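Colleague: Just one file: coords25.cif, with mmCIF, C-alpha atoms.
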```
data_input
loop_
_atom_site.group_PDB
_atom_site.id
_atom_site.type_symbol
_atom_site.label_atom_id
_atom_site.label_comp_id
_atom_site.auth_asym_id
_atom_site.auth_seq_id
_atom_site.Cartn_x
_atom_site.Cartn_y
_atom_site.Cartn_z
ATOM 1 C CA MET A 1 -1.815 -2.614 -22.031
ATOM 2 C CA ILE A 2 1.728 -2.316 -20.625
ATOM 3 C CA PRO A 3 3.666 0.555 -22.236
ATOM 4 C CA ALA A 4 6.616 -0.710 -24.235
ATOM 5 C CA GLU A 5 8.981 1.591 -22.324
ATOM 6 C CA LEU A 6 8.293 -0.065 -18.966
ATOM 7 C CA PRO A 7 10.289 -3.149 -17.997
ATOM 8 C CA VAL A 8 8.251 -6.257 -17.295
ATOM 9 C CA LEU A 9 8.576 -8.037 -13.977
ATOM 10 C CA PRO A 10 8.891 -11.822 -14.343
ATOM 11 C CA GLU A 11 5.636 -13.519 -13.357
ATOM 12 C CA LEU A 12 5.535 -14.870 -9.825
ATOM 13 C CA ARG A 13 3.816 -17.941 -8.517
ATOM 14 C CA GLN A 14 1.233 -17.383 -5.818
ATOM 15 C CA PHE A 15 1.523 -19.099 -2.467
ATOM 16 C CA ALA A 16 0.383 -22.694 -2.419
ATOM 17 C CA VAL A 17 -3.261 -23.349 -1.592
ATOM 18 C CA ALA A 18 -4.932 -26.588 -0.779
ATOM 19 C CA GLY A 19 -5.626 -28.838 -3.736
ATOM 20 C CA ARG A 20 -8.912 -30.509 -4.536
ATOM 21 C CA GLU A 21 -10.585 -32.411 -1.725
ATOM 22 C CA ARG A 22 -13.316 -34.999 -1.566
ATOM 23 C CA ALA A 23 -16.733 -33.389 -1.215
ATOM 24 C CA ASP A 24 -17.155 -34.543 2.395
ATOM 25 C CA ALA A 25 -13.640 -33.423 3.304
ATOM 26 C CA ALA A 26 -14.257 -30.011 1.735
ATOM 27 C CA ARG A 27 -17.506 -29.661 3.700
ATOM 28 C CA ASN A 28 -15.759 -30.538 6.948
ATOM 29 C CA ARG A 29 -12.973 -28.060 6.223
ATOM 30 C CA ALA A 30 -15.507 -25.325 5.461
ATOM 31 C CA ALA A 31 -17.393 -26.094 8.688
ATOM 32 C CA ILE A 32 -14.188 -25.833 10.699
ATOM 33 C CA LEU A 33 -13.280 -22.498 9.116
ATOM 34 C CA ARG A 34 -16.794 -21.141 9.682
ATOM 35 C CA ALA A 35 -16.550 -22.109 13.339
ATOM 36 C CA ALA A 36 -13.171 -20.367 13.605
ATOM 37 C CA GLU A 37 -14.570 -17.259 11.895
ATOM 38 C CA ARG A 38 -17.452 -17.137 14.369
ATOM 39 C CA LEU A 39 -15.004 -17.281 17.259
ATOM 40 C CA VAL A 40 -12.937 -14.456 15.769
ATOM 41 C CA SER A 41 -16.041 -12.323 15.198
ATOM 42 C CA ALA A 42 -17.403 -12.909 18.680
ATOM 43 C CA HIS A 43 -14.258 -12.965 20.812
ATOM 44 C CA GLY A 44 -11.233 -11.947 18.716
ATOM 45 C CA ALA A 45 -8.295 -13.924 17.358
ATOM 46 C CA ASP A 46 -7.098 -14.950 20.848
ATOM 47 C CA ALA A 47 -10.246 -17.070 21.207
ATOM 48 C CA VAL A 48 -9.218 -19.277 18.277
ATOM 49 C CA THR A 49 -7.621 -22.206 20.064
ATOM 50 C CA MET A 50 -7.597 -25.714 18.662
ATOM 51 C CA ASP A 51 -9.803 -26.884 21.549
ATOM 52 C CA ALA A 52 -12.332 -24.083 21.048
ATOM 53 C CA VAL A 53 -12.562 -24.572 17.289
ATOM 54 C CA ALA A 54 -12.896 -28.346 17.594
ATOM 55 C CA CYS A 55 -15.717 -27.905 20.103
ATOM 56 C CA ALA A 56 -17.493 -25.246 17.995
ATOM 57 C CA ALA A 57 -17.150 -27.293 14.798
ATOM 58 C CA GLY A 58 -18.137 -30.582 16.456
ATOM 59 C CA VAL A 59 -14.965 -32.427 15.397
ATOM 60 C CA GLY A 60 -12.082 -34.032 17.228
ATOM 61 C CA LYS A 61 -9.003 -31.952 17.946
ATOM 62 C CA GLY A 62 -6.919 -34.507 16.085
ATOM 63 C CA THR A 63 -8.872 -33.695 12.922
ATOM 64 C CA LEU A 64 -7.772 -30.060 13.184
ATOM 65 C CA PHE A 65 -4.128 -30.977 13.633
ATOM 66 C CA ARG A 66 -4.235 -33.371 10.679
ATOM 67 C CA ARG A 67 -5.820 -30.748 8.426
ATOM 68 C CA PHE A 68 -4.021 -27.583 9.493
ATOM 69 C CA GLY A 69 -0.898 -28.726 11.320
ATOM 70 C CA ASP A 70 -1.154 -26.283 14.216
ATOM 71 C CA ARG A 71 -2.957 -23.132 15.350
ATOM 72 C CA PRO A 72 -0.983 -20.762 13.060
ATOM 73 C CA GLY A 73 -1.804 -23.073 10.150
ATOM 74 C CA LEU A 74 -5.507 -22.885 10.963
ATOM 75 C CA LEU A 75 -5.349 -19.101 11.218
ATOM 76 C CA ARG A 76 -3.489 -18.901 7.911
ATOM 77 C CA ALA A 77 -6.314 -20.862 6.286
ATOM 78 C CA LEU A 78 -8.731 -18.175 7.510
ATOM 79 C CA LEU A 79 -6.602 -15.552 5.788
ATOM 80 C CA ASN A 80 -6.286 -17.341 2.453
ATOM 81 C CA ASP A 81 -9.099 -15.590 0.574
ATOM 82 C CA ARG A 82 -7.892 -12.038 1.219
ATOM 83 C CA GLU A 83 -4.270 -13.042 0.837
ATOM 84 C CA GLY A 84 -5.004 -14.731 -2.472
ATOM 85 C CA ALA A 85 -6.821 -11.631 -3.757
ATOM 86 C CA PHE A 86 -3.905 -9.404 -2.710
ATOM 87 C CA GLN A 87 -1.354 -11.602 -4.458
ATOM 88 C CA GLU A 88 -3.505 -11.797 -7.569
ATOM 89 C CA GLY A 89 -3.592 -8.009 -7.499
ATOM 90 C CA PHE A 90 0.141 -7.402 -7.435
ATOM 91 C CA ILE A 91 0.952 -10.251 -9.837
ATOM 92 C CA ARG A 92 -1.727 -9.792 -12.496
ATOM 93 C CA GLY A 93 -4.067 -7.014 -11.383
ATOM 94 C CA PRO A 94 -4.434 -3.457 -12.666
ATOM 95 C CA ALA A 95 -1.809 -0.757 -12.203
ATOM 96 C CA PRO A 96 -0.391 0.718 -10.080
ATOM 97 C CA LEU A 97 -0.415 -2.389 -7.874
ATOM 98 C CA GLY A 98 -0.136 -4.723 -10.846
ATOM 99 C CA PRO A 99 1.718 -4.548 -14.169
ATOM 100 C CA GLY A 100 1.513 -1.373 -16.215
ATOM 101 C CA ALA A 101 3.057 1.165 -13.833
ATOM 102 C CA PRO A 102 6.745 2.003 -13.226
ATOM 103 C CA PRO A 103 8.405 -0.247 -10.607
ATOM 104 C CA ALA A 104 8.683 2.631 -8.118
ATOM 105 C CA GLU A 105 4.920 3.242 -8.257
ATOM 106 C CA ARG A 106 4.184 -0.469 -7.929
ATOM 107 C CA LEU A 107 6.428 -0.671 -4.873
ATOM 108 C CA VAL A 108 4.537 2.168 -3.172
ATOM 109 C CA ALA A 109 1.185 0.586 -4.078
ATOM 110 C CA PHE A 110 2.308 -2.787 -2.713
ATOM 111 C CA GLY A 111 3.055 -1.311 0.712
ATOM 112 C CA HIS A 112 -0.147 0.725 0.794
ATOM 113 C CA HIS A 113 -2.307 -2.298 -0.042
ATOM 114 C CA LEU A 114 -0.502 -4.445 2.521
ATOM 115 C CA LEU A 115 -1.081 -1.793 5.185
ATOM 116 C CA ASP A 116 -4.781 -1.803 4.283
ATOM 117 C CA LEU A 117 -4.818 -5.586 4.641
ATOM 118 C CA MET A 118 -3.284 -5.334 8.103
ATOM 119 C CA GLU A 119 -5.781 -2.674 9.086
ATOM 120 C CA ALA A 120 -8.596 -5.077 8.224
ATOM 121 C CA GLN A 121 -7.210 -8.232 9.856
ATOM 122 C CA GLY A 122 -4.109 -7.331 11.836
ATOM 123 C CA ASP A 123 -5.007 -9.373 14.917
ATOM 124 C CA LEU A 124 -5.587 -12.490 12.846
ATOM 125 C CA LEU A 125 -2.317 -11.972 10.966
ATOM 126 C CA ALA A 126 -0.423 -11.491 14.218
ATOM 127 C CA ALA A 127 -1.889 -14.675 15.673
ATOM 128 C CA ALA A 128 -1.112 -16.616 12.478
ATOM 129 C CA GLU A 129 2.512 -15.495 12.605
ATOM 130 C CA SER A 130 3.014 -16.431 16.253
ATOM 131 C CA GLY A 131 4.962 -19.550 17.088
ATOM 132 C CA SER A 132 8.566 -20.490 16.410
ATOM 133 C CA SER A 133 11.151 -17.795 15.779
ATOM 134 C CA GLY A 134 11.316 -16.705 12.144
ATOM 135 C CA LEU A 135 8.008 -18.389 11.215
ATOM 136 C CA ARG A 136 6.847 -15.376 9.205
ATOM 137 C CA MET A 137 10.028 -15.185 7.130
ATOM 138 C CA ARG A 138 10.057 -18.908 6.372
ATOM 139 C CA HIS A 139 6.458 -18.932 5.169
ATOM 140 C CA SER A 140 5.584 -19.126 1.468
ATOM 141 C CA VAL A 141 3.643 -15.859 1.743
ATOM 142 C CA TYR A 142 6.772 -13.967 2.796
ATOM 143 C CA ALA A 143 8.727 -15.706 0.039
ATOM 144 C CA THR A 144 6.204 -14.397 -2.511
ATOM 145 C CA TYR A 145 6.363 -10.863 -1.080
ATOM 146 C CA ARG A 146 10.142 -11.018 -1.067
ATOM 147 C CA ALA A 147 10.365 -12.175 -4.675
ATOM 148 C CA HIS A 148 7.978 -9.427 -5.779
ATOM 149 C CA VAL A 149 9.749 -6.599 -3.945
ATOM 150 C CA ALA A 150 13.173 -7.852 -5.050
ATOM 151 C CA GLY A 151 12.017 -7.963 -8.667
ATOM 152 C CA LEU A 152 10.777 -4.379 -8.502
ATOM 153 C CA LEU A 153 14.001 -3.208 -6.862
ATOM 154 C CA ARG A 154 16.122 -4.871 -9.544
ATOM 155 C CA LEU A 155 14.172 -3.057 -12.230
ATOM 156 C CA ALA A 156 14.133 0.314 -10.486
ATOM 157 C CA ARG A 157 17.598 0.301 -8.923
ATOM 158 C CA PRO A 158 19.840 -2.325 -10.585
ATOM 159 C CA ASP A 159 22.955 -0.962 -8.836
ATOM 160 C CA ALA A 160 21.520 -1.535 -5.329
ATOM 161 C CA ASP A 161 22.175 -4.391 -2.903
ATOM 162 C CA VAL A 162 18.779 -5.915 -3.590
ATOM 163 C CA ASP A 163 19.148 -8.891 -1.236
ATOM 164 C CA TYR A 164 19.671 -6.537 1.706
ATOM 165 C CA LEU A 165 17.194 -3.854 0.684
ATOM 166 C CA THR A 166 14.342 -6.312 0.140
ATOM 167 C CA ASP A 167 14.243 -7.494 3.744
ATOM 168 C CA ALA A 168 14.997 -3.974 5.020
ATOM 169 C CA LEU A 169 11.931 -2.653 3.196
ATOM 170 C CA LEU A 170 9.680 -5.520 4.281
ATOM 171 C CA ALA A 171 10.686 -5.199 7.955
ATOM 172 C CA PRO A 172 8.476 -2.146 8.731
ATOM 173 C CA LEU A 173 5.561 -3.938 7.041
ATOM 174 C CA ALA A 174 5.672 -6.754 9.611
ATOM 175 C CA VAL A 175 2.323 -6.977 11.356
ATOM 176 C CA GLU A 176 3.780 -6.563 14.866
ATOM 177 C CA VAL A 177 5.458 -3.307 13.799
ATOM 178 C CA VAL A 178 2.312 -1.970 12.140
ATOM 179 C CA LEU A 179 0.075 -2.865 15.106
ATOM 180 C CA PHE A 180 2.545 -1.237 17.518
ATOM 181 C CA GLN A 181 2.589 1.953 15.478
ATOM 182 C CA ARG A 182 -1.187 2.028 15.109
ATOM 183 C CA ARG A 183 -2.200 1.041 18.636
ATOM 184 C CA GLU A 184 0.657 1.913 20.951
ATOM 185 C CA LEU A 185 1.954 5.032 19.222
ATOM 186 C CA GLY A 186 -1.415 6.060 17.799
ATOM 187 C CA LEU A 187 -0.043 6.816 14.342
ATOM 188 C CA PRO A 188 -2.825 7.196 11.742
ATOM 189 C CA LEU A 189 -2.863 4.849 8.770
ATOM 190 C CA ASP A 190 -2.238 7.725 6.342
ATOM 191 C CA ARG A 191 0.971 8.561 8.201
ATOM 192 C CA LEU A 192 2.195 4.974 7.864
ATOM 193 C CA LYS A 193 1.428 5.071 4.143
ATOM 194 C CA GLU A 194 3.302 8.335 3.701
ATOM 195 C CA GLY A 195 6.207 6.896 5.674
ATOM 196 C CA TRP A 196 6.290 3.906 3.323
ATOM 197 C CA ARG A 197 6.314 6.213 0.308
ATOM 198 C CA MET A 198 9.234 8.182 1.789
ATOM 199 C CA LEU A 199 11.099 4.993 2.635
ATOM 200 C CA THR A 200 10.790 3.567 -0.866
ATOM 201 C CA THR A 201 11.825 6.911 -2.363
ATOM 202 C CA ALA A 202 14.963 6.859 -0.237
ATOM 203 C CA ALA A 203 15.695 3.253 -1.182
ATOM 204 C CA LEU A 204 15.469 4.109 -4.869
ATOM 205 C CA THR A 205 17.753 7.136 -4.583
ATOM 206 C CA ASP A 206 21.411 6.556 -5.448
ATOM 207 C CA ALA A 207 24.471 8.052 -3.749
ATOM 208 C CA SER A 208 24.337 11.150 -5.950
ATOM 209 C CA GLY A 209 20.806 11.902 -4.765
ATOM 210 C CA GLU A 210 19.231 10.927 -8.072
ATOM 211 C CA ARG A 211 16.536 8.377 -8.730
ATOM 212 C CA PRO A 212 16.756 6.432 -11.976
ATOM 213 C CA ALA A 213 14.905 8.751 -14.336
ATOM 214 C CA ASP A 214 13.466 5.941 -16.429
ATOM 215 C CA GLN A 215 11.822 4.299 -13.413
ATOM 216 C CA SER A 216 10.468 7.251 -11.414
ATOM 217 C CA ALA A 217 7.813 8.072 -14.029
ATOM 218 C CA PRO A 218 6.554 6.684 -17.317
ATOM 219 C CA ARG A 219 8.561 7.894 -20.270
ATOM 220 C CA SER A 220 6.916 10.070 -22.844
ATOM 221 C CA ALA A 221 6.637 8.687 -26.337
ATOM 222 C CA SER A 222 9.688 9.291 -28.516
ATOM 223 C CA ARG A 223 9.323 11.991 -31.089
#
```
Please lay out the structure from this file as structure tokens.
Modeller:
Amino acid sequence: MIPAELPVLPELRQFAVAGRERADAARNRAAILRAAERLVSAHGADAVTMDAVACAAGVGKGTLFRRFGDRPGLLRALLNDREGAFQEGFIRGPAPLGPGAPPAERLVAFGHHLLDLMEAQGDLLAAAESGSSGLRMRHSVYATYRAHVAGLLRLARPDADVDYLTDALLAPLAVEVVLFQRRELGLPLDRLKEGWRMLTTAALTDASGERPADQSAPRSASR
């Protein structure tokens, strides 16, 4: 149950997923995704080309383009299950990721869970976000992340420039940044998580050096 003292974040809509399909169409889609998953498991995300998937799934390349639009669209479809579970978690799941914790705690949990997601499927995420400039930021997934982080910031720090801070906080959670830090710089995952905690703490600290007392921790019951 959400404590009465904690503000409630307006409910978000999850990213759009495919609607109902005919049974044969659903089977074909599942076969295509299984073929793509096998390629990822055997050879990595770079092996998932439209030609390779079409050949492995036994369908024409045109079928892939009609269903998924392009290679990033196909890769995004592979990510849907984990992405959907993550979004369900921060929209309606248990605290501290979901409702029931102070906004500052939820913001830290959001970043930590997203870093875990990138640890599990960073290469696939990077491949899905390749393509035209700004593809990641125009996608519905980023729009959902942005709305969630902005909502938490407005609750925790109503005096802040939320429009600016939202993108500034999401920038170090971009998959290319995380993979660079993990693989090129060799930073451990725990260090990235601690860095995210420090960054959010700084973002929620006002010019006087104080964090809003009512958001940094749950209030005790009034006497």
Colleague: Restricting the calculation to only C-alpha atoms, which member of A:Glu129, A:Asp163, A:Glu119, A:Asp206 is positioned closest to Phe180 of chain A?
Modeller: A:Glu119
Colleague: Leaving out segment 33-36 of chain A and any residue of its chain fewer than 2 positions from it, which residues lie within 7 Å of it when counting only C-alpha atoms, given as number ranges by chain?
Modeller: A: 29-31, 38-40, 48, 53, 56-57, 78
Colleague: Can you list, as a VMD selection string, the residues that the PyMOL selection byres ((chain A and resi 124) around 9) selects here?
Modeller: chain A and resid 40 44 to 46 75 to 76 78 to 79 118 121 to 123 125 to 129
Colleague: Identify all residues satisfying the PyMOL selection byres ((chain A and resi 174) around 12) in the given file; provide them as a list in words.
Modeller: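 With the shown file as input, the PyMOL selection byres ((chain A and resi 174) around 12) matches Gly111, Leu114, Leu115, Leu117, Met118, Gly122, Leu125, Ala126, Glu129, Gly134, Leu135, Arg136, Met137, Tyr142, Tyr145, Asp167, Ala168, Leu169, Leu170, Ala171, Pro172, Leu173, Val175, Glu176, Val177, Val178, Leu179, Phe180 and Gln181 of chain A.
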Colleague: For this structure, which residues satisfy the selection - the PyMOL selection byres ((chain A and resi 61-70) around 10) - when it is evaluated on the file as given? I want them as a list in words.
Modeller: Ala25, Asn28, Arg29, Ile32, Thr49, Met50, Asp51, Ala52, Val53, Ala54, Cys55, Ala57, Gly58, Val59, Gly60, Arg71, Pro72, Gly73, Leu74, Leu75, Arg76, Ala77, Ala128 and Gly131 of chain A
